[in-house]
Amino acid sequence: MSEAQREKQPFFSVILPVYNQPKLVLRALASLQAQDFQDWECWIIDDGSTDATPAVIQRWIQQEPRCRFVHLPQNRGAATARNQGIALAQGTFVTFLDADDWYHPAHLQRRWLYVHLYPEVMWFYGGAQVIGDPYVPDVRDPRRKIHVRHCIIGATFVIRRSLLRDIGGFPAVRYGEDYFLFHRLRRRGITPYPVPHATYVYDRTHSRTTRLR
C-alpha cells in the first residue's frame with residue numbers, strides 16, 4: 001500500500017471483535033471484502049482467543065492491507081474489544097461486524113447512501129436479518145427471554161467517529177453494551193435514523209462473538 005493510501009481517511013471503520021471463532025471470522029471477513037462499497041478499513045480485535053483464531057487472521061490480513069489486527073492478552077468482553085477498535089479507527093463513520101455474522105454485499109453501500117441523504121444525522125442503526133433462535137436474554141432481567149425484534153443490535157450501528165469518541169464508546173459491561181450505548185446517546189438528545197434494509201445478517205446459530213469464557 002502506498003503512502004498516499006495510508007494517509008487517506010476511509011469513509012467507514014469496521015470494528016470486528018472475535019473470540020475463538022477461526023472459521024466463522026473468515027466468513028465475516030469475506031463478506032466485508034465482497035462489499036459493493038469499498039472505501040473502508042477494518043480493525044480486527046481478538047479478545048484473548050486461546051485457539052487458532054489469531055494465526056488464521058494473521059494469514060488472512062496478508063492479502064488485505066485495509067485490515068489491521070490487535071490481539072488482546074485476555075478475554076474481557078465485546079465492549080472492551082469494540083472500544084479498542086474505536087480508539088484506533090480513522091474512518092469518518094464507525095460501524096461493526098461480529099465474527100459470527102456477515103454482511104450482504106450492499107450493506108455498506110446502503111449505509112453510505114443514508115449518510116449522504118441525511119447529512120445532519122450522526123447515528124444510524126437497524127436493518128438486520130436474524131438466523132436461528134430469535135429469543136435472547138432480556139438485559140433488564142436475564143432470567144427471561146425476549147424476541148430480538150425488541151432488542152438493540154449494536155453491530156448495526158453506524159456512528160460518526162467524533163461523536164462515538166466524545167461519549168466514551170461502549171459502557172464497560174459484560175452484557176447489553178449496545179442497549180446501554182443506545183440509551184446513553186438518546187439521553188444526550190441524539191436521535192438515530194432507523195435503516196430499513198436488512199443487509200446485516202445476525203447469525204444466532206452460533207455462540208456470540210466475544211463473551212465470558
# chains A, B, ... in the order shown; residues from 1 in each chain; ligands from 1
call {"tool": "residues_around", "arguments": {"residues": "A:Arg165", "least_positions_apart": "3", "cutoff": "10 Å", "atoms": "only C-alpha atoms", "output": "list of chain:residue names"}}
result
A:Asn83, A:Ile86, A:Ala87, A:Ala89, A:Ile159, A:Arg160, A:Arg161, A:Ser162, A:Gly168, A:Gly169, A:Phe170
call {"tool": "write_last_selection", "arguments": {"atoms": "N, CA and C atoms", "output": "compact mmCIF listing (two decimals), in the first residue's frame"}}
result
# COMPACT_ATOMS: atom_id res chain seq x y z
N ASN A 83 -14.29 -1.03 21.99
CA ASN A 83 -13.69 0.25 22.36
C ASN A 83 -12.23 0.34 21.93
N ILE A 86 -12.45 1.31 18.38
CA ILE A 86 -12.88 2.70 18.24
C ILE A 86 -11.71 3.65 18.47
N ALA A 87 -10.86 3.33 19.44
CA ALA A 87 -9.71 4.18 19.74
C ALA A 87 -8.73 4.25 18.58
N ALA A 89 -9.67 3.66 15.24
CA ALA A 89 -10.36 3.92 13.99
C ALA A 89 -10.00 5.27 13.39
N ILE A 159 -22.09 5.18 13.39
CA ILE A 159 -22.00 6.39 14.22
C ILE A 159 -20.80 7.22 13.78
N ARG A 160 -21.01 8.53 13.70
CA ARG A 160 -19.88 9.41 13.38
C ARG A 160 -18.78 9.22 14.43
N ARG A 161 -17.56 9.03 13.96
CA ARG A 161 -16.46 8.69 14.87
C ARG A 161 -16.26 9.75 15.95
N SER A 162 -16.37 11.01 15.61
CA SER A 162 -16.16 12.08 16.58
C SER A 162 -17.17 12.00 17.72
N GLY A 168 -17.39 8.40 24.84
CA GLY A 168 -16.61 7.38 25.52
C GLY A 168 -16.84 5.96 25.06
N GLY A 169 -17.46 5.78 23.89
CA GLY A 169 -17.66 4.44 23.34
C GLY A 169 -18.69 3.64 24.13
N PHE A 170 -18.51 2.33 24.14
CA PHE A 170 -19.45 1.44 24.81
C PHE A 170 -19.20 1.40 26.32
call {"tool": "residues_around", "arguments": {"residues": "A:Asp39", "least_positions_apart": "4", "cutoff": "9 Å", "atoms": "only C-alpha atoms", "output": "VMD selection string"}}
result
chain A and resid 9 to 12
call {"tool": "closest_residue", "arguments": {"among": "A:Arg82, A:Arg184, A:Arg76, A:His150", "to": "A:Asp138", "atoms": "only C-alpha atoms"}}
result
A:His150
call {"tool": "residues_around", "arguments": {"residues": "A:Trp112", "least_positions_apart": "2", "cutoff": "10 Å", "atoms": "only C-alpha atoms", "output": "list in words"}}
result
Phe11, Phe12, Phe37, Asp39, Phe93, Ala106, His107, Leu108, Gln109, Arg110, Tyr114, Val115, His116, Leu117 and Val158 of chain A
call {"tool": "atom_distance", "arguments": {"atom1": "atom CA of A:Val14", "atom2": "atom CA of A:Gln35"}}
result
12.1 Å
call {"tool": "residues_around", "arguments": {"residues": "A:Trp60", "least_positions_apart": "4", "cutoff": "8 Å", "atoms": "only C-alpha atoms", "output": "PDB file with N, CA and C atoms, in the first residue's frame"}}
result
ATOM      1  N   LEU A  26     -13.522 -15.905   9.176  1.00  0.00           N
ATOM      2  CA  LEU A  26     -13.180 -15.832   7.756  1.00  0.00           C
ATOM      3  C   LEU A  26     -14.418 -15.564   6.903  1.00  0.00           C
ATOM      4  N   VAL A  56      -5.007 -17.668  12.134  1.00  0.00           N
ATOM      5  CA  VAL A  56      -5.866 -17.626  10.951  1.00  0.00           C
ATOM      6  C   VAL A  56      -6.004 -16.191  10.451  1.00  0.00           C
ATOM      7  N   GLU A  64      -4.939  -8.500   2.565  1.00  0.00           N
ATOM      8  CA  GLU A  64      -5.927  -7.417   2.657  1.00  0.00           C
ATOM      9  C   GLU A  64      -5.342  -6.272   3.485  1.00  0.00           C
TER      10      GLU A  64
END
call {"tool": "residues_around", "arguments": {"residues": "A:Gln33", "least_positions_apart": "3", "cutoff": "10 Å", "atoms": "only C-alpha atoms", "output": "ChimeraX atom specification"}}
result
/A:27-30,36-38,40,42,64,66-67,103,105
call {"tool": "write_last_selection", "arguments": {"atoms": "N, CA and C atoms", "output": "mmCIF file, in the first residue's frame"}}
result
data_model
loop_
_atom_site.group_PDB
_atom_site.id
_atom_site.type_symbol
_atom_site.label_atom_id
_atom_site.label_comp_id
_atom_site.auth_asym_id
_atom_site.auth_seq_id
_atom_site.Cartn_x
_atom_site.Cartn_y
_atom_site.Cartn_z
ATOM 1 N N ARG A 27 -15.555 -16.141 7.305
ATOM 2 C CA ARG A 27 -16.808 -15.846 6.595
ATOM 3 C C ARG A 27 -17.163 -14.368 6.727
ATOM 4 N N ALA A 28 -17.035 -13.828 7.939
ATOM 5 C CA ALA A 28 -17.337 -12.413 8.163
ATOM 6 C C ALA A 28 -16.417 -11.528 7.326
ATOM 7 N N LEU A 29 -15.119 -11.823 7.337
ATOM 8 C CA LEU A 29 -14.157 -11.021 6.591
ATOM 9 C C LEU A 29 -14.383 -11.121 5.085
ATOM 10 N N ALA A 30 -14.750 -12.300 4.613
ATOM 11 C CA ALA A 30 -15.040 -12.450 3.187
ATOM 12 C C ALA A 30 -16.232 -11.591 2.780
ATOM 13 N N ASP A 36 -20.034 -3.983 -2.084
ATOM 14 C CA ASP A 36 -20.128 -3.099 -3.247
ATOM 15 C C ASP A 36 -19.392 -1.782 -2.983
ATOM 16 N N PHE A 37 -19.470 -1.304 -1.753
ATOM 17 C CA PHE A 37 -18.783 -0.076 -1.343
ATOM 18 C C PHE A 37 -17.448 -0.473 -0.721
ATOM 19 N N GLN A 38 -16.362 0.079 -1.245
ATOM 20 C CA GLN A 38 -15.039 -0.419 -0.881
ATOM 21 C C GLN A 38 -14.179 0.576 -0.093
ATOM 22 N N TRP A 40 -13.296 1.483 2.966
ATOM 23 C CA TRP A 40 -13.363 1.103 4.383
ATOM 24 C C TRP A 40 -11.996 0.640 4.869
ATOM 25 N N CYS A 42 -10.672 -1.939 8.361
ATOM 26 C CA CYS A 42 -11.218 -2.863 9.351
ATOM 27 C C CYS A 42 -10.200 -3.074 10.463
ATOM 28 N N GLU A 64 -4.939 -8.500 2.565
ATOM 29 C CA GLU A 64 -5.927 -7.417 2.657
ATOM 30 C C GLU A 64 -5.342 -6.272 3.485
ATOM 31 N N ARG A 66 -6.223 -3.312 3.998
ATOM 32 C CA ARG A 66 -7.147 -2.428 4.700
ATOM 33 C C ARG A 66 -7.487 -2.934 6.102
ATOM 34 N N CYS A 67 -7.058 -4.144 6.427
ATOM 35 C CA CYS A 67 -7.340 -4.732 7.734
ATOM 36 C C CYS A 67 -6.133 -4.629 8.656
ATOM 37 N N TYR A 103 -22.173 -9.567 6.338
ATOM 38 C CA TYR A 103 -22.861 -8.530 5.568
ATOM 39 C C TYR A 103 -23.347 -9.080 4.238
ATOM 40 N N PRO A 105 -23.780 -8.030 0.318
ATOM 41 C CA PRO A 105 -22.883 -7.167 -0.458
ATOM 42 C C PRO A 105 -23.259 -5.686 -0.473
#
call {"tool": "select_by_dssp", "arguments": {"residues": "chain A", "states": "strand (DSSP E)", "output": "PyMOL selection string"}}
result
chain A and resi 12-18+40-47+67-72+93-96+102-103+123-125+128-131+135-138+141-147+158-160+193-194+200-203
call {"tool": "decode", "arguments": {"residues": "stretch 46-190 of chain A", "atoms": "C-alpha atoms", "output": "compact mmCIF listing (two decimals), in the first residue's frame"}}
result
# COMPACT_ATOMS: atom_id res chain seq x y z
CA ASP A 46 -9.03 -10.54 19.08
CA ASP A 47 -10.43 -10.71 22.62
CA GLY A 48 -7.88 -13.11 24.11
CA SER A 49 -8.53 -16.14 21.87
CA THR A 50 -6.95 -19.38 23.07
CA ASP A 51 -7.22 -21.35 19.81
CA ALA A 52 -6.04 -20.90 16.22
CA THR A 53 -8.00 -17.68 15.64
CA PRO A 54 -5.01 -15.26 15.81
CA ALA A 55 -2.94 -17.35 13.39
CA VAL A 56 -5.87 -17.63 10.95
CA ILE A 57 -6.39 -13.86 10.99
CA GLN A 58 -2.68 -13.11 10.60
CA ARG A 59 -2.57 -15.21 7.45
CA TRP A 60 -5.73 -13.62 6.07
CA ILE A 61 -4.68 -9.98 6.53
CA GLN A 62 -1.52 -10.55 4.50
CA GLN A 63 -3.69 -10.27 1.40
CA GLU A 64 -5.93 -7.42 2.66
CA PRO A 65 -3.99 -4.23 3.56
CA ARG A 66 -7.15 -2.43 4.70
CA CYS A 67 -7.34 -4.73 7.73
CA ARG A 68 -5.39 -4.32 10.97
CA PHE A 69 -5.14 -6.89 13.75
CA VAL A 70 -4.88 -6.39 17.52
CA HIS A 71 -4.60 -9.32 19.94
CA LEU A 72 -5.71 -8.53 23.49
CA PRO A 73 -3.94 -10.57 26.19
CA GLN A 74 -7.12 -11.73 27.93
CA ASN A 75 -10.83 -12.08 27.33
CA ARG A 76 -12.68 -9.00 28.58
CA GLY A 77 -15.85 -8.93 26.51
CA ALA A 78 -17.33 -7.25 23.44
CA ALA A 79 -17.47 -3.74 24.91
CA THR A 80 -13.74 -3.66 25.65
CA ALA A 81 -12.86 -5.15 22.27
CA ARG A 82 -15.04 -2.70 20.39
CA ASN A 83 -13.69 0.25 22.36
CA GLN A 84 -10.15 -0.79 21.47
CA GLY A 85 -11.13 -0.65 17.82
CA ILE A 86 -12.88 2.70 18.24
CA ALA A 87 -9.71 4.18 19.74
CA LEU A 88 -7.75 3.13 16.65
CA ALA A 89 -10.36 3.92 13.99
CA GLN A 90 -9.64 6.55 11.34
CA GLY A 91 -12.90 6.48 9.39
CA THR A 92 -15.47 9.27 9.26
CA PHE A 93 -18.10 6.80 10.48
CA VAL A 94 -17.61 3.73 12.67
CA THR A 95 -19.65 0.56 12.24
CA PHE A 96 -19.39 -3.03 13.42
CA LEU A 97 -19.32 -6.65 12.30
CA ASP A 98 -19.34 -9.54 14.76
CA ALA A 99 -17.21 -12.54 13.85
CA ASP A 100 -20.13 -14.97 13.62
CA ASP A 101 -22.27 -12.65 11.49
CA TRP A 102 -21.86 -11.30 7.97
CA TYR A 103 -22.86 -8.53 5.57
CA HIS A 104 -24.88 -8.75 2.40
CA PRO A 105 -22.88 -7.17 -0.46
CA ALA A 106 -24.97 -3.96 -0.42
CA HIS A 107 -24.66 -3.39 3.35
CA LEU A 108 -22.09 -0.58 3.43
CA GLN A 109 -23.38 0.94 0.18
CA ARG A 110 -26.86 1.32 1.71
CA ARG A 111 -25.42 2.94 4.84
CA TRP A 112 -23.28 5.30 2.78
CA LEU A 113 -26.39 6.33 0.84
CA TYR A 114 -28.34 7.18 4.01
CA VAL A 115 -25.42 9.15 5.43
CA HIS A 116 -25.47 11.32 2.32
CA LEU A 117 -29.26 11.57 2.16
CA TYR A 118 -29.38 12.78 5.78
CA PRO A 119 -26.09 14.63 6.44
CA GLU A 120 -27.42 16.11 9.68
CA VAL A 121 -27.84 12.63 11.23
CA MET A 122 -24.87 11.39 13.24
CA TRP A 123 -26.16 7.95 14.13
CA PHE A 124 -27.92 5.22 12.12
CA TYR A 125 -28.97 1.75 13.23
CA GLY A 126 -31.07 -1.29 12.33
CA GLY A 127 -31.56 -3.38 9.25
CA ALA A 128 -30.78 -6.91 10.44
CA GLN A 129 -31.82 -10.34 9.22
CA VAL A 130 -31.89 -12.88 12.07
CA ILE A 131 -30.94 -16.52 11.50
CA GLY A 132 -31.58 -19.11 14.20
CA ASP A 133 -33.17 -18.70 17.63
CA PRO A 134 -34.68 -15.18 17.74
CA TYR A 135 -35.01 -15.13 21.55
CA VAL A 136 -32.28 -13.61 23.70
CA PRO A 137 -31.90 -12.80 27.42
CA ASP A 138 -33.53 -9.52 28.44
CA VAL A 139 -30.79 -7.10 29.51
CA ARG A 140 -33.05 -5.83 32.31
CA ASP A 141 -33.83 -9.35 33.53
CA PRO A 142 -31.54 -12.05 32.04
CA ARG A 143 -33.73 -14.79 33.53
CA ARG A 144 -36.38 -14.12 30.89
CA LYS A 145 -36.04 -14.09 27.11
CA ILE A 146 -37.44 -11.63 24.60
CA HIS A 147 -37.64 -11.60 20.82
CA VAL A 148 -34.70 -9.93 19.12
CA ARG A 149 -37.05 -7.52 17.33
CA HIS A 150 -37.48 -5.82 20.71
CA CYS A 151 -33.70 -5.52 21.17
CA ILE A 152 -30.96 -3.16 20.10
CA ILE A 153 -28.48 -4.86 17.77
CA GLY A 154 -25.34 -2.83 18.31
CA ALA A 155 -23.48 -4.36 15.39
CA THR A 156 -25.84 -2.45 13.05
CA PHE A 157 -24.82 0.93 14.48
CA VAL A 158 -23.24 3.46 12.13
CA ILE A 159 -22.00 6.39 14.22
CA ARG A 160 -19.88 9.41 13.38
CA ARG A 161 -16.46 8.69 14.87
CA SER A 162 -16.16 12.08 16.58
CA LEU A 163 -19.46 11.51 18.43
CA LEU A 164 -18.58 7.96 19.44
CA ARG A 165 -15.29 9.07 20.96
CA ASP A 166 -16.89 12.08 22.62
CA ILE A 167 -19.32 9.88 24.58
CA GLY A 168 -16.61 7.38 25.52
CA GLY A 169 -17.66 4.44 23.34
CA PHE A 170 -19.45 1.44 24.81
CA PRO A 171 -20.06 1.17 28.57
CA ALA A 172 -17.72 -1.37 30.20
CA VAL A 173 -20.34 -4.06 30.85
CA ARG A 174 -20.32 -7.78 30.00
CA TYR A 175 -23.82 -7.93 28.55
CA GLY A 176 -26.11 -5.41 26.88
CA GLU A 177 -23.42 -2.88 26.00
CA ASP A 178 -25.31 -1.94 22.82
CA TYR A 179 -28.51 -1.32 24.81
CA PHE A 180 -26.70 0.96 27.25
CA LEU A 181 -24.91 2.85 24.47
CA PHE A 182 -28.24 3.35 22.67
CA HIS A 183 -29.78 4.96 25.74
CA ARG A 184 -26.63 6.95 26.54
CA LEU A 185 -26.92 8.55 23.12
CA ARG A 186 -30.65 9.13 23.50
CA ARG A 187 -30.09 10.88 26.84
CA ARG A 188 -27.72 13.22 25.04
CA GLY A 189 -30.60 14.16 22.77
CA ILE A 190 -29.07 12.39 19.76
